[in-house]
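A.B. asks: Enclosed is the structure file data-v4.txt (compact mmCIF, C-alpha atoms).
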```
# COMPACT_ATOMS: atom_id res chain seq x y z
CA MET A 46 -60.55 -9.68 -256.24
CA ALA A 47 -58.21 -12.45 -255.11
CA LYS A 48 -59.14 -14.11 -251.87
CA LYS A 49 -56.59 -13.66 -249.12
CA PRO A 50 -55.06 -16.93 -247.93
CA SER A 51 -56.38 -17.93 -244.53
CA ILE A 52 -53.96 -17.83 -241.60
CA HIS A 53 -53.07 -21.29 -240.39
CA ALA A 54 -54.01 -22.10 -236.81
CA TYR A 55 -50.34 -22.79 -236.06
CA SER A 56 -48.95 -19.69 -237.76
CA ASP A 57 -48.57 -18.20 -234.30
CA ARG A 58 -45.14 -19.05 -232.95
CA THR A 59 -46.42 -20.11 -229.54
CA ALA A 60 -49.01 -22.44 -231.07
CA PHE A 61 -46.36 -23.97 -233.35
CA GLU A 62 -43.99 -24.48 -230.43
CA ARG A 63 -46.77 -26.09 -228.45
CA LEU A 64 -47.51 -28.58 -231.26
CA MET A 65 -43.83 -29.44 -231.66
CA VAL A 66 -43.43 -29.98 -227.92
CA LEU A 67 -46.50 -32.23 -227.93
CA MET A 68 -44.95 -34.36 -230.69
CA ALA A 69 -41.64 -34.44 -228.82
CA THR A 70 -43.53 -35.59 -225.72
CA LEU A 71 -45.07 -38.52 -227.58
CA VAL A 72 -41.64 -39.47 -228.97
CA ARG A 73 -39.83 -39.20 -225.61
CA TYR A 74 -42.58 -40.78 -223.50
CA PRO A 75 -44.37 -43.47 -225.54
CA GLY A 76 -47.43 -44.61 -223.61
CA VAL A 77 -48.01 -41.24 -221.95
CA GLY A 78 -51.68 -40.79 -221.20
CA GLU A 79 -52.31 -44.32 -219.97
CA CYS A 80 -54.98 -44.24 -217.29
CA LYS A 81 -55.56 -46.74 -214.49
CA ILE A 82 -58.72 -45.12 -213.21
CA LYS A 83 -62.44 -45.44 -213.65
CA GLU A 84 -63.84 -45.02 -217.15
CA SER A 85 -65.73 -41.78 -216.48
CA ASP A 86 -62.54 -39.89 -215.61
CA LYS A 87 -60.26 -41.57 -218.14
CA HIS A 88 -60.21 -38.92 -220.89
CA ARG A 89 -59.64 -35.99 -218.54
CA ASN A 90 -56.85 -37.71 -216.63
CA ALA A 91 -55.22 -38.95 -219.86
CA LEU A 92 -54.97 -35.32 -220.97
CA ASP A 93 -53.63 -34.33 -217.56
CA ALA A 94 -50.83 -36.89 -217.90
CA VAL A 95 -49.95 -35.65 -221.39
CA ARG A 96 -50.14 -32.03 -220.23
CA ALA A 97 -47.75 -32.67 -217.34
CA LYS A 98 -45.09 -34.00 -219.71
CA VAL A 99 -45.71 -31.19 -222.22
CA LEU A 100 -45.17 -28.62 -219.47
CA GLU A 101 -42.00 -30.44 -218.40
CA LEU A 102 -40.51 -30.42 -221.91
CA GLY A 103 -41.80 -26.91 -222.69
CA SER A 104 -40.40 -25.31 -219.54
CA GLU A 105 -37.74 -23.45 -221.55
CA PHE A 106 -40.37 -21.58 -223.55
CA GLN A 107 -41.91 -18.35 -222.29
CA TRP A 108 -45.48 -19.62 -222.19
CA PRO A 109 -48.28 -17.94 -220.19
CA PRO A 110 -49.16 -19.45 -216.80
CA ASP A 111 -51.21 -22.70 -216.95
CA TYR A 112 -50.55 -22.94 -220.69
CA PRO A 113 -51.53 -25.03 -222.56
CA ALA A 114 -55.00 -25.82 -221.25
CA PRO A 115 -56.39 -29.38 -221.56
CA ALA A 116 -58.89 -28.21 -224.20
CA THR A 117 -56.02 -26.80 -226.27
CA LEU A 118 -54.11 -30.07 -226.08
CA ARG A 119 -57.24 -31.94 -227.08
CA LYS A 120 -57.36 -29.78 -230.22
CA ASP A 121 -53.67 -30.44 -230.90
CA LEU A 122 -54.19 -34.19 -230.64
CA GLU A 123 -56.99 -33.90 -233.19
CA THR A 124 -54.62 -31.98 -235.47
CA LEU A 125 -52.10 -34.84 -235.26
CA ARG A 126 -54.90 -37.20 -236.26
CA ASP A 127 -55.86 -34.96 -239.19
CA TYR A 128 -52.29 -35.16 -240.49
CA LYS A 129 -52.12 -38.95 -239.99
CA ILE A 130 -49.43 -38.60 -237.31
CA LEU A 131 -51.82 -40.23 -234.84
CA ASP A 132 -54.42 -42.79 -235.86
CA ARG A 133 -58.16 -42.22 -235.48
CA ARG A 134 -58.47 -45.09 -233.02
CA MET A 135 -58.56 -44.88 -229.24
CA TYR A 136 -55.22 -44.90 -227.40
CA ARG A 137 -56.46 -46.66 -224.29
CA TRP A 138 -52.95 -47.52 -223.09
CA GLY A 139 -51.34 -44.19 -223.83
CA TYR A 140 -50.24 -42.25 -226.93
CA TYR A 141 -47.30 -43.11 -229.15
CA LEU A 142 -46.26 -42.20 -232.69
CA GLY A 143 -46.34 -44.83 -235.43
CA THR A 144 -44.39 -47.89 -234.32
CA GLY A 145 -42.51 -45.95 -231.64
CA ALA A 146 -44.29 -47.76 -228.83
CA MET A 147 -41.32 -48.37 -226.53
CA THR A 148 -39.27 -46.40 -224.08
CA LEU A 149 -35.47 -46.64 -224.30
CA GLU A 150 -35.41 -49.24 -221.51
CA GLU A 151 -38.12 -51.31 -223.20
CA LEU A 152 -36.28 -51.04 -226.51
CA GLN A 153 -33.10 -52.39 -224.90
CA VAL A 154 -34.93 -55.44 -223.57
CA ALA A 155 -36.52 -56.08 -226.96
CA LEU A 156 -33.17 -55.72 -228.74
CA HIS A 157 -31.52 -58.21 -226.37
CA ALA A 158 -34.23 -60.78 -227.05
CA LEU A 159 -34.05 -60.14 -230.80
CA ALA A 160 -30.25 -60.45 -230.85
CA SER A 161 -30.35 -63.72 -228.91
CA GLN A 162 -32.96 -65.23 -231.21
CA ALA A 163 -30.99 -64.09 -234.26
CA GLN A 164 -27.65 -65.46 -233.06
CA TYR A 165 -28.32 -68.54 -230.95
CA GLN A 166 -31.76 -69.72 -232.06
CA ALA A 167 -30.72 -68.86 -235.63
CA ASN A 168 -34.04 -67.30 -236.62
CA PRO A 169 -33.33 -65.89 -240.10
CA ILE A 170 -36.18 -63.38 -239.90
CA ALA A 171 -34.99 -62.13 -236.51
CA ARG A 172 -31.45 -61.90 -237.92
CA ARG A 173 -32.61 -59.74 -240.82
CA VAL A 174 -34.71 -57.48 -238.60
CA TYR A 175 -31.92 -57.10 -236.06
CA GLN A 176 -29.43 -56.11 -238.75
CA GLN A 177 -31.83 -53.47 -240.08
CA VAL A 178 -32.74 -52.07 -236.67
CA SER A 179 -29.15 -52.03 -235.39
CA LYS A 180 -28.06 -49.95 -238.40
CA ARG A 181 -30.98 -47.59 -237.90
CA LEU A 182 -30.21 -47.12 -234.20
CA ARG A 183 -26.44 -46.83 -234.44
CA GLY A 184 -26.53 -43.12 -233.65
CA LEU A 185 -28.72 -43.72 -230.61
CA ASP A 186 -26.27 -46.36 -229.40
CA VAL A 187 -23.45 -43.83 -229.61
CA GLU A 188 -25.48 -41.43 -227.45
CA ALA A 189 -26.10 -44.28 -224.99
CA GLN A 190 -22.34 -44.93 -224.83
CA GLY A 191 -22.72 -48.43 -226.28
CA LYS A 192 -25.25 -49.55 -223.68
CA LEU A 193 -28.16 -49.93 -226.11
CA PHE A 194 -26.82 -53.08 -227.77
CA TYR A 195 -24.80 -54.51 -224.90
CA PRO A 196 -26.23 -58.05 -224.37
CA VAL A 197 -27.09 -57.87 -220.66
CA ARG A 198 -29.30 -60.96 -221.07
CA SER A 199 -29.07 -63.74 -223.62
CA HIS A 200 -30.56 -67.17 -224.29
CA LEU A 201 -27.62 -69.38 -225.24
CA ASN A 202 -29.46 -72.55 -226.30
CA ARG A 203 -28.26 -73.15 -229.83
CA THR A 204 -30.24 -74.83 -232.57
CA ILE A 205 -28.55 -78.01 -233.82
CA VAL A 206 -29.86 -77.74 -237.40
CA GLU A 207 -29.35 -75.24 -240.20
CA THR A 208 -32.10 -72.61 -240.28
CA ASP A 209 -30.92 -70.02 -242.80
CA PRO A 210 -32.61 -70.47 -246.22
CA GLU A 211 -29.50 -69.05 -247.89
CA HIS A 212 -27.42 -71.93 -246.52
CA LEU A 213 -29.94 -74.74 -246.99
CA ARG A 214 -28.57 -77.05 -249.68
CA GLY A 215 -29.03 -80.74 -250.35
CA SER A 216 -32.09 -82.97 -249.96
CA ARG A 217 -31.64 -83.47 -246.20
CA ARG A 218 -31.23 -79.76 -245.48
CA ASP A 219 -33.81 -78.37 -247.92
CA THR A 220 -36.40 -77.88 -245.20
CA LEU A 221 -39.42 -75.83 -244.18
CA PHE A 222 -37.13 -73.05 -242.94
CA ALA A 223 -37.09 -71.85 -246.55
CA GLN A 224 -40.87 -71.24 -246.24
CA LEU A 225 -40.95 -69.30 -242.97
CA ASP A 226 -42.41 -66.14 -244.50
CA ARG A 227 -45.36 -68.05 -245.98
CA LEU A 228 -45.80 -70.07 -242.81
CA GLU A 229 -45.96 -66.99 -240.56
CA THR A 230 -48.43 -65.36 -242.96
CA ALA A 231 -50.59 -68.47 -242.79
CA ILE A 232 -50.57 -68.39 -238.98
CA LEU A 233 -51.72 -64.76 -238.77
CA ASP A 234 -54.25 -65.10 -241.61
CA GLY A 235 -55.79 -68.31 -240.25
CA GLN A 236 -54.81 -70.01 -243.49
CA ALA A 237 -54.75 -73.80 -243.84
CA VAL A 238 -51.68 -75.15 -245.62
CA GLU A 239 -50.36 -78.38 -247.03
CA LEU A 240 -46.90 -79.43 -245.84
CA SER A 241 -44.77 -82.45 -246.65
CA ARG A 242 -43.02 -84.42 -243.91
CA SER A 243 -39.65 -85.91 -244.82
CA LEU A 244 -38.59 -87.41 -241.47
CA ASP A 245 -40.46 -89.38 -238.80
CA LEU A 246 -38.00 -90.47 -236.12
CA TYR A 247 -40.66 -91.88 -233.77
CA GLY A 248 -41.89 -94.75 -235.96
CA ARG A 249 -45.43 -93.45 -236.46
CA ASP A 250 -45.21 -93.67 -240.28
CA ARG A 251 -46.19 -90.06 -240.78
CA TYR A 252 -44.57 -89.24 -244.09
CA GLY A 253 -45.62 -87.23 -247.11
CA SER A 254 -48.32 -84.59 -247.46
CA THR A 255 -50.32 -83.35 -244.50
CA ARG A 256 -53.00 -80.66 -244.28
CA ILE A 257 -52.80 -78.47 -241.20
CA TRP A 258 -53.71 -75.19 -239.52
CA PRO A 259 -50.34 -73.76 -238.40
CA LEU A 260 -50.65 -72.09 -234.99
CA GLN A 261 -47.23 -71.02 -233.68
CA LEU A 262 -43.48 -71.36 -234.06
CA ILE A 263 -41.77 -72.23 -230.77
CA TYR A 264 -38.15 -72.74 -229.80
CA HIS A 265 -37.53 -75.56 -227.34
CA ASP A 266 -34.19 -76.81 -226.06
CA ILE A 267 -32.21 -77.31 -229.31
CA ALA A 268 -34.57 -76.68 -232.19
CA TRP A 269 -37.54 -74.82 -233.69
CA TYR A 270 -40.93 -76.52 -233.70
CA LEU A 271 -44.30 -75.91 -235.29
CA VAL A 272 -47.50 -76.11 -233.23
CA TYR A 273 -50.38 -77.06 -235.50
CA GLU A 274 -53.80 -78.67 -235.86
CA TYR A 275 -54.69 -81.31 -238.44
CA VAL A 276 -57.39 -80.03 -240.80
CA GLU A 277 -59.22 -83.37 -241.09
CA THR A 278 -59.30 -84.43 -237.43
CA GLY A 279 -58.64 -81.37 -235.26
CA GLN A 280 -55.77 -83.18 -233.50
CA LEU A 281 -53.12 -80.87 -232.08
CA ALA A 282 -49.44 -81.65 -232.56
CA VAL A 283 -45.90 -80.28 -232.34
CA SER A 284 -43.20 -81.18 -234.87
CA ARG A 285 -39.65 -80.10 -235.65
CA LEU A 286 -39.49 -77.66 -238.55
CA ASN A 287 -36.49 -79.32 -240.17
CA ARG A 288 -38.45 -82.57 -240.51
CA PHE A 289 -40.71 -80.97 -243.12
CA ARG A 290 -39.63 -80.43 -246.71
CA ASN A 291 -39.23 -77.08 -248.46
CA TYR A 292 -42.91 -77.03 -249.40
CA CYS A 293 -45.88 -74.96 -248.19
CA ARG A 294 -49.04 -74.74 -250.30
CA PHE A 295 -51.96 -72.55 -249.27
CA LEU A 296 -55.32 -74.34 -249.22
CA ASN A 297 -58.68 -72.83 -249.96
CA GLN A 298 -59.59 -72.78 -246.26
CA GLN A 299 -59.39 -69.88 -243.83
CA ARG A 300 -60.69 -69.14 -240.35
CA PRO A 301 -60.72 -66.15 -237.98
CA LEU A 302 -57.71 -65.34 -235.83
CA THR A 303 -59.91 -65.85 -232.76
CA ILE A 304 -60.20 -69.55 -233.66
CA GLN A 305 -56.44 -69.72 -234.12
CA GLU A 306 -55.98 -68.26 -230.64
CA GLN A 307 -58.46 -70.70 -229.09
CA ARG A 308 -56.74 -73.73 -230.60
CA LEU A 309 -53.30 -72.40 -229.63
CA GLU A 310 -54.53 -71.93 -226.07
CA ALA A 311 -55.73 -75.55 -226.06
CA ALA A 312 -52.31 -76.70 -227.30
CA HIS A 313 -50.55 -74.76 -224.57
CA GLY A 314 -52.92 -76.24 -222.02
CA LEU A 315 -51.78 -79.69 -223.09
CA LEU A 316 -48.14 -78.61 -222.95
CA GLU A 317 -48.62 -77.26 -219.43
CA ASN A 318 -50.30 -80.45 -218.19
CA GLY A 319 -47.73 -82.74 -219.76
CA TRP A 320 -43.98 -83.10 -219.90
CA GLY A 321 -42.19 -82.31 -223.13
CA LEU A 322 -43.78 -81.63 -226.50
CA TYR A 323 -45.75 -84.77 -227.39
CA LEU A 324 -49.46 -83.90 -227.24
CA GLY A 325 -50.85 -87.41 -227.64
CA GLU A 326 -53.41 -88.98 -229.95
CA LEU A 327 -56.78 -87.45 -230.74
CA ASP A 328 -58.96 -89.46 -228.31
CA GLU A 329 -56.74 -88.87 -225.27
CA GLN A 330 -56.32 -85.23 -226.26
CA GLN A 331 -60.06 -84.67 -226.31
CA ALA A 332 -60.50 -86.43 -222.97
CA GLU A 333 -57.70 -84.39 -221.44
CA LEU A 334 -59.09 -81.09 -222.72
CA ASN A 335 -62.55 -82.05 -221.46
CA GLY A 336 -61.17 -82.88 -218.01
CA THR A 337 -62.21 -86.56 -218.17
CA LEU A 338 -58.74 -88.10 -218.50
CA GLU A 339 -57.37 -89.37 -215.21
CA PRO A 340 -53.68 -88.44 -214.85
CA ILE A 341 -51.05 -90.86 -213.59
CA SER A 342 -49.33 -90.13 -210.27
CA VAL A 343 -45.57 -90.13 -210.86
CA LYS A 344 -43.02 -90.13 -208.05
CA VAL A 345 -39.22 -90.12 -208.25
CA ARG A 346 -36.71 -90.19 -205.40
CA PHE A 347 -33.51 -88.23 -206.05
CA PHE A 348 -30.31 -88.70 -204.09
CA PRO A 349 -27.25 -86.50 -203.43
CA PRO A 350 -25.65 -84.64 -205.04
CA VAL A 351 -28.73 -84.15 -207.23
CA VAL A 352 -31.02 -83.19 -204.33
CA ASN A 353 -30.17 -79.48 -204.36
CA PHE A 354 -30.61 -79.26 -208.13
CA ILE A 355 -34.13 -80.68 -207.79
CA LEU A 356 -34.93 -78.27 -204.95
CA GLU A 357 -33.67 -75.40 -207.08
CA GLY A 358 -36.32 -76.08 -209.75
CA GLU A 359 -39.28 -74.66 -207.87
CA ARG A 360 -41.03 -73.79 -211.16
CA ARG A 361 -40.04 -76.89 -213.13
CA HIS A 362 -43.69 -77.94 -213.50
CA PRO A 363 -46.88 -76.12 -212.43
CA HIS A 364 -48.30 -79.21 -210.65
CA GLN A 365 -45.18 -80.60 -208.99
CA HIS A 366 -44.79 -81.43 -205.30
CA ILE A 367 -41.44 -81.79 -203.53
CA LYS A 368 -41.07 -83.60 -200.21
CA LEU A 369 -37.82 -83.50 -198.27
CA GLY A 370 -36.32 -86.68 -196.84
CA PRO A 371 -34.51 -87.00 -193.47
CA LYS A 372 -31.15 -85.30 -192.93
CA ASP A 373 -27.82 -87.02 -192.39
CA ARG A 374 -25.23 -86.11 -189.73
CA GLN A 375 -23.91 -83.27 -191.89
CA GLY A 376 -27.37 -81.73 -192.08
CA GLU A 377 -27.88 -82.67 -195.73
CA HIS A 378 -31.09 -84.28 -196.97
CA GLN A 379 -30.58 -87.97 -197.73
CA TYR A 380 -33.07 -87.77 -200.59
CA VAL A 381 -35.95 -85.73 -201.96
CA ASP A 382 -39.19 -87.06 -203.45
CA TYR A 383 -40.45 -85.35 -206.58
CA SER A 384 -44.06 -86.10 -207.54
CA LEU A 385 -46.63 -84.80 -210.01
CA PRO A 386 -49.64 -85.94 -212.04
CA LEU A 387 -48.94 -86.61 -215.72
CA PRO A 388 -50.96 -87.89 -218.68
CA GLU A 389 -49.72 -91.22 -220.00
CA ARG A 390 -48.58 -89.54 -223.24
CA SER A 391 -45.85 -87.72 -221.30
CA LEU A 392 -44.27 -90.68 -219.51
CA GLU A 393 -41.72 -91.37 -222.25
CA GLU A 394 -40.34 -87.82 -222.23
CA PHE A 395 -40.43 -87.73 -218.43
CA LEU A 396 -38.36 -90.92 -218.32
CA LEU A 397 -35.79 -89.34 -220.62
CA TRP A 398 -35.49 -86.47 -218.14
CA VAL A 399 -35.03 -88.85 -215.18
CA ASN A 400 -32.40 -90.84 -217.09
CA ARG A 401 -30.09 -87.84 -217.20
CA TYR A 402 -29.52 -88.27 -213.45
CA THR A 403 -28.42 -91.93 -213.88
CA ASP A 404 -27.88 -93.67 -210.51
CA ARG A 405 -28.98 -90.61 -208.51
CA ALA A 406 -32.67 -91.26 -209.28
CA LYS A 407 -35.13 -94.05 -208.51
CA ILE A 408 -38.69 -94.10 -209.82
CA LEU A 409 -41.16 -95.07 -207.08
CA ALA A 410 -44.41 -94.82 -209.06
CA PRO A 411 -45.98 -95.94 -211.26
CA GLU A 412 -44.56 -99.47 -211.13
CA SER A 413 -44.61 -99.83 -214.91
CA LEU A 414 -42.39 -96.77 -215.32
CA ALA A 415 -40.08 -97.98 -212.55
CA GLN A 416 -39.63 -101.29 -214.41
CA ARG A 417 -38.75 -99.47 -217.61
CA HIS A 418 -36.20 -97.38 -215.72
CA LEU A 419 -34.70 -100.53 -214.18
CA GLN A 420 -34.57 -102.26 -217.54
CA SER A 421 -32.69 -99.29 -218.99
CA ALA A 422 -30.06 -99.72 -216.25
CA ILE A 423 -29.82 -103.44 -216.96
CA ASN A 424 -29.41 -102.79 -220.66
CA LEU A 425 -26.71 -100.22 -219.97
CA LEU A 426 -24.84 -102.64 -217.72
CA ALA A 427 -25.06 -105.32 -220.40
CA ARG A 428 -23.71 -102.94 -223.01
CA TYR A 429 -20.70 -102.09 -220.85
CA SER A 430 -20.17 -105.74 -219.95
CA SER A 431 -20.19 -106.90 -223.56
CA THR A 432 -16.85 -107.71 -225.18
CA ARG A 433 -18.14 -107.53 -228.73
CA ASP A 434 -17.37 -103.84 -229.19
CA ARG A 435 -13.94 -103.91 -227.61
```
Once more with this new file: its structure as structure tokens, please.

C.D. replies:
Amino acid sequence: MAKKPSIHAYSDRTAFERLMVLMATLVRYPGVGECKIKESDKHRNALDAVRAKVLELGSEFQWPPDYPAPATLRKDLETLRDYKILDRRMYRWGYYLGTGAMTLEELQVALHALASQAQYQANPIARRVYQQVSKRLRGLDVEAQGKLFYPVRSHLNRTIVETDPEHLRGSRRDTLFAQLDRLETAILDGQAVELSRSLDLYGRDRYGSTRIWPLQLIYHDIAWYLVYEYVETGQLAVSRLNRFRNYCRFLNQQRPLTIQEQRLEAAHGLLENGWGLYLGELDEQQAELNGTLEPISVKVRFFPPVVNFILEGERRHPHQHIKLGPKDRQGEHQYVDYSLPLPERSLEEFLLWVNRYTDRAKILAPESLAQRHLQSAINLLARYSSTRDR
């Protein structure tokens, strides 16, 4: 005698509706079920949060009072796990389906950042992803009346070098941008690589092959840079991507992502303490990271009309101090003193920043930096006074 097929748990219309509404809840409200309470009550309150949204979306159905119960929803969530719709892991920060981890508002913010990086910072990977996602979400943008892709915020700083591998031609332009996929894989896999440097504009004679642990790609001012650590010495450094050749060879060395994160955190600590991107030589780096390197007190006096621009930069550097000078008859400050501690490695880049204000700035300390600033002014005057170039 043939065995009768068993009735599925969701053959009942109400049960099926309940499961569909639960899935719709996770789609509409990614992150639902996040709990900011003590651990002992977390699971119960997470279900309460999910249940509240299920009841809200299911209000049009003729369900019994207080339906569904938390225990029923717990069973439904297990069903979604059984069918691989949810993962088996814990959702400590709320439930979401697959990669649908963002609300519409969060998605808009992410799209704006992605579009800016694709267009102005010329990230070829971001450009490809944005093109794919924008096609996929075109219907949603129509529903949002064009607001989904409207660039409310943008980062206009443009890269000054070619970044698209499809457009990289010629020995000077055949750069590491053609190896971005391999480089990003190496970063996330903790994979050491061998690169080849083609340009060294700072006179340090660093050409040819170099073995590194790549840590992060960063965009700063006008270009993309690579944060990395030398395999042999452990020295941290930052270099422009376009100054490496189109070459990236994986080495037989790997390390955990936790080590990558630790070294990246050390690099960012150096960046935060300094000014600009130069991280210094190995010995001073180690002393700085160990807290045994004495910083140099730097002080610059800025004059009108630059004063208000300096005052505006209240977050220009985490260790800065701004002191207002006396006011004139019009109530305007005659000057403002800008001071901060800096490692010696950062003085060159700091001087470049001061130079942009020309005669509206005077370095007060240290004396050695003040003399360099003065000499720059003398050299500029000499260049303008010369008749050779006329």

A.B. asks: What is the distance, in Å and to one decimal place, between atom CA of A:Asn353 and atom CA of A:Leu419?

C.D. replies: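 Computing it gives 23.7 Å between the two atoms.
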
A.B. asks: Please identify all polymer residues within 10 Å of A:Tyr136, counting only C-alpha atoms, omitting same-chain residues fewer than 2 positions from it, and present them as a ChimeraX atom specification.

C.D. replies: /A:76-79,91,131-134,138-141

A.B. asks: Here is a test: counting only C-alpha atoms, which residue of A:Leu228, A:Leu385, A:Leu327, A:Leu71 is nearest to A:Leu125?

C.D. replies: A:Leu71

A.B. asks: So, with all atoms listed in the file as the atoms that count, which of A:Lys407, A:Arg308, A:Arg172, A:Arg346 lies closest to A:Gly370?

C.D. replies: A:Arg346

A.B. asks: Excluding A:Arg417 and its own-chain neighbours fewer than 6 positions away, which residues fall within 10 Å of it when counting all atoms listed in the file? Please give them as a PyMOL selection string.

C.D. replies: chain A and resi 393+396+408+423

A.B. asks: Would you write out those residues with C-alpha atoms, as a PDB file, in the frame of the given file?

C.D. replies:
```pdb
ATOM      1  CA  GLU A 393     -41.720 -91.370-222.250  1.00  0.00           C
ATOM      2  CA  LEU A 396     -38.360 -90.920-218.320  1.00  0.00           C
ATOM      3  CA  ILE A 408     -38.690 -94.100-209.820  1.00  0.00           C
ATOM      4  CA  ILE A 423     -29.820-103.440-216.960  1.00  0.00           C
TER       5      ILE A 423
END
```

A.B. asks: Report, in Å with one decimal, the straight-line distance from atom CA of A:Ile257 to atom CA of A:Gly279.

C.D. replies: 8.8 Å

A.B. asks: Is there a way to get, as a list in words, all residues within 10 Å of the point (-34.7, -42.8, -223.3) in file coordinates, counting only C-alpha atoms?

C.D. replies: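 Residues satisfying the cut-off, written out: Val72, Arg73, Tyr74, Pro75, Met147, Thr148, Leu149, Glu150, Glu151, Leu152, Gln153, Leu185 and Ala189 of chain A.
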
A.B. asks: Applying 9 Å and all atoms listed in the file, which residues near A:Pro386 remain after dropping the ones on its own chain fewer than 6 positions away? List them as a PDB file with C-alpha atoms, in the coordinates of the input.

C.D. replies:
```
ATOM      1  CA  ASN A 318     -50.300 -80.450-218.190  1.00  0.00           C
ATOM      2  CA  GLY A 319     -47.730 -82.740-219.760  1.00  0.00           C
ATOM      3  CA  PRO A 340     -53.680 -88.440-214.850  1.00  0.00           C
ATOM      4  CA  ILE A 341     -51.050 -90.860-213.590  1.00  0.00           C
ATOM      5  CA  SER A 342     -49.330 -90.130-210.270  1.00  0.00           C
ATOM      6  CA  VAL A 343     -45.570 -90.130-210.860  1.00  0.00           C
ATOM      7  CA  LYS A 344     -43.020 -90.130-208.050  1.00  0.00           C
ATOM      8  CA  HIS A 364     -48.300 -79.210-210.650  1.00  0.00           C
ATOM      9  CA  GLN A 365     -45.180 -80.600-208.990  1.00  0.00           C
TER      10      GLN A 365
END
```

A.B. asks: For stretch 233-239 of chain A, take all atoms listed in the file, fit an axis-aligned box around them, add 8 Å to each of the six sides, then output centre and edge lengths in Å rounded to one decimal, as JSON.

C.D. replies:
```
{"center_x": -53.1, "center_y": -71.6, "center_z": -242.9, "size_x": 21.4, "size_y": 29.6, "size_z": 24.3}
```

A.B. asks: Please indicate the distance in Å from atom CA of A:Pro301 to atom CA of A:Asp234, rounded to one decimal place.

C.D. replies: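 Computing the Euclidean distance for atom CA of A:Pro301 and atom CA of A:Asp234 yields 7.5 Å.
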
A.B. asks: For A:Leu426, please output as number ranges by chain all residues within 12 Å (counting all atoms listed in the file; exclusion window: fewer than 5 positions along the same chain).

C.D. replies: A: 403-404, 419-421, 431

A.B. asks: Find the residues around A:Thr204 up to 12 Å (all atoms listed in the file counted), leave out those fewer than 5 positions away in its own chain, and share them as a list of chain:residue names.

C.D. replies: A:Ser161, A:Gln162, A:Ala163, A:Gln164, A:Tyr165, A:Gln166, A:Ala167, A:Asn168, A:Asp209, A:Ile263, A:Tyr264, A:His265, A:Asp266, A:Ile267, A:Ala268, A:Trp269, A:Tyr270, A:Arg285, A:Leu286, A:Asn287

A.B. asks: Save out the residues we just selected, C-alpha atoms, as an mmCIF file, keeping the file's coordinate frame.

C.D. replies:
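Result file is result-v4.cif:
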```cif
data_model
loop_
_atom_site.group_PDB
_atom_site.id
_atom_site.type_symbol
_atom_site.label_atom_id
_atom_site.label_comp_id
_atom_site.auth_asym_id
_atom_site.auth_seq_id
_atom_site.Cartn_x
_atom_site.Cartn_y
_atom_site.Cartn_z
ATOM 1 C CA SER A 161 -30.350 -63.720 -228.910
ATOM 2 C CA GLN A 162 -32.960 -65.230 -231.210
ATOM 3 C CA ALA A 163 -30.990 -64.090 -234.260
ATOM 4 C CA GLN A 164 -27.650 -65.460 -233.060
ATOM 5 C CA TYR A 165 -28.320 -68.540 -230.950
ATOM 6 C CA GLN A 166 -31.760 -69.720 -232.060
ATOM 7 C CA ALA A 167 -30.720 -68.860 -235.630
ATOM 8 C CA ASN A 168 -34.040 -67.300 -236.620
ATOM 9 C CA ASP A 209 -30.920 -70.020 -242.800
ATOM 10 C CA ILE A 263 -41.770 -72.230 -230.770
ATOM 11 C CA TYR A 264 -38.150 -72.740 -229.800
ATOM 12 C CA HIS A 265 -37.530 -75.560 -227.340
ATOM 13 C CA ASP A 266 -34.190 -76.810 -226.060
ATOM 14 C CA ILE A 267 -32.210 -77.310 -229.310
ATOM 15 C CA ALA A 268 -34.570 -76.680 -232.190
ATOM 16 C CA TRP A 269 -37.540 -74.820 -233.690
ATOM 17 C CA TYR A 270 -40.930 -76.520 -233.700
ATOM 18 C CA ARG A 285 -39.650 -80.100 -235.650
ATOM 19 C CA LEU A 286 -39.490 -77.660 -238.550
ATOM 20 C CA ASN A 287 -36.490 -79.320 -240.170
#
```

A.B. asks: For A:Asn90, which residue among A:Asp226, A:Met65, A:Ser179, A:Arg119 is the nearest when counting only C-alpha atoms?

C.D. replies: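 Checking each candidate against A:Asn90, we get A:Arg119 as the closest.
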
A.B. asks: Between A:Gln280, A:Gln305, A:Asn400, A:Ser104, which one has atoms that come closest to A:Ile232, using all atoms listed in the file?

C.D. replies: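 Of all the options, A:Gln305 lies closest to A:Ile232.
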
A.B. asks: From (-54.3, -72.5, -234.9), in the file's coordinates, out to 9 Å: which residues are reached, counting only C-alpha atoms? Answer as an MDAnalysis selection string.

C.D. replies: chainID A and resid 232 235:236 257:261 272:274 281 302:310 312

A.B. asks: How would the residues just chosen look if you wrote them out with C-alpha atoms as a short mmCIF file (atom, residue, chain, number, x, y, z; two decimals), in the coordinates of the input?

C.D. replies:
```
data_model
loop_
_atom_site.label_atom_id
_atom_site.label_comp_id
_atom_site.auth_asym_id
_atom_site.auth_seq_id
_atom_site.Cartn_x
_atom_site.Cartn_y
_atom_site.Cartn_z
CA ILE A 232 -50.57 -68.39 -238.98
CA GLY A 235 -55.79 -68.31 -240.25
CA GLN A 236 -54.81 -70.01 -243.49
CA ILE A 257 -52.80 -78.47 -241.20
CA TRP A 258 -53.71 -75.19 -239.52
CA PRO A 259 -50.34 -73.76 -238.40
CA LEU A 260 -50.65 -72.09 -234.99
CA GLN A 261 -47.23 -71.02 -233.68
CA VAL A 272 -47.50 -76.11 -233.23
CA TYR A 273 -50.38 -77.06 -235.50
CA GLU A 274 -53.80 -78.67 -235.86
CA LEU A 281 -53.12 -80.87 -232.08
CA LEU A 302 -57.71 -65.34 -235.83
CA THR A 303 -59.91 -65.85 -232.76
CA ILE A 304 -60.20 -69.55 -233.66
CA GLN A 305 -56.44 -69.72 -234.12
CA GLU A 306 -55.98 -68.26 -230.64
CA GLN A 307 -58.46 -70.70 -229.09
CA ARG A 308 -56.74 -73.73 -230.60
CA LEU A 309 -53.30 -72.40 -229.63
CA GLU A 310 -54.53 -71.93 -226.07
CA ALA A 312 -52.31 -76.70 -227.30
#
```
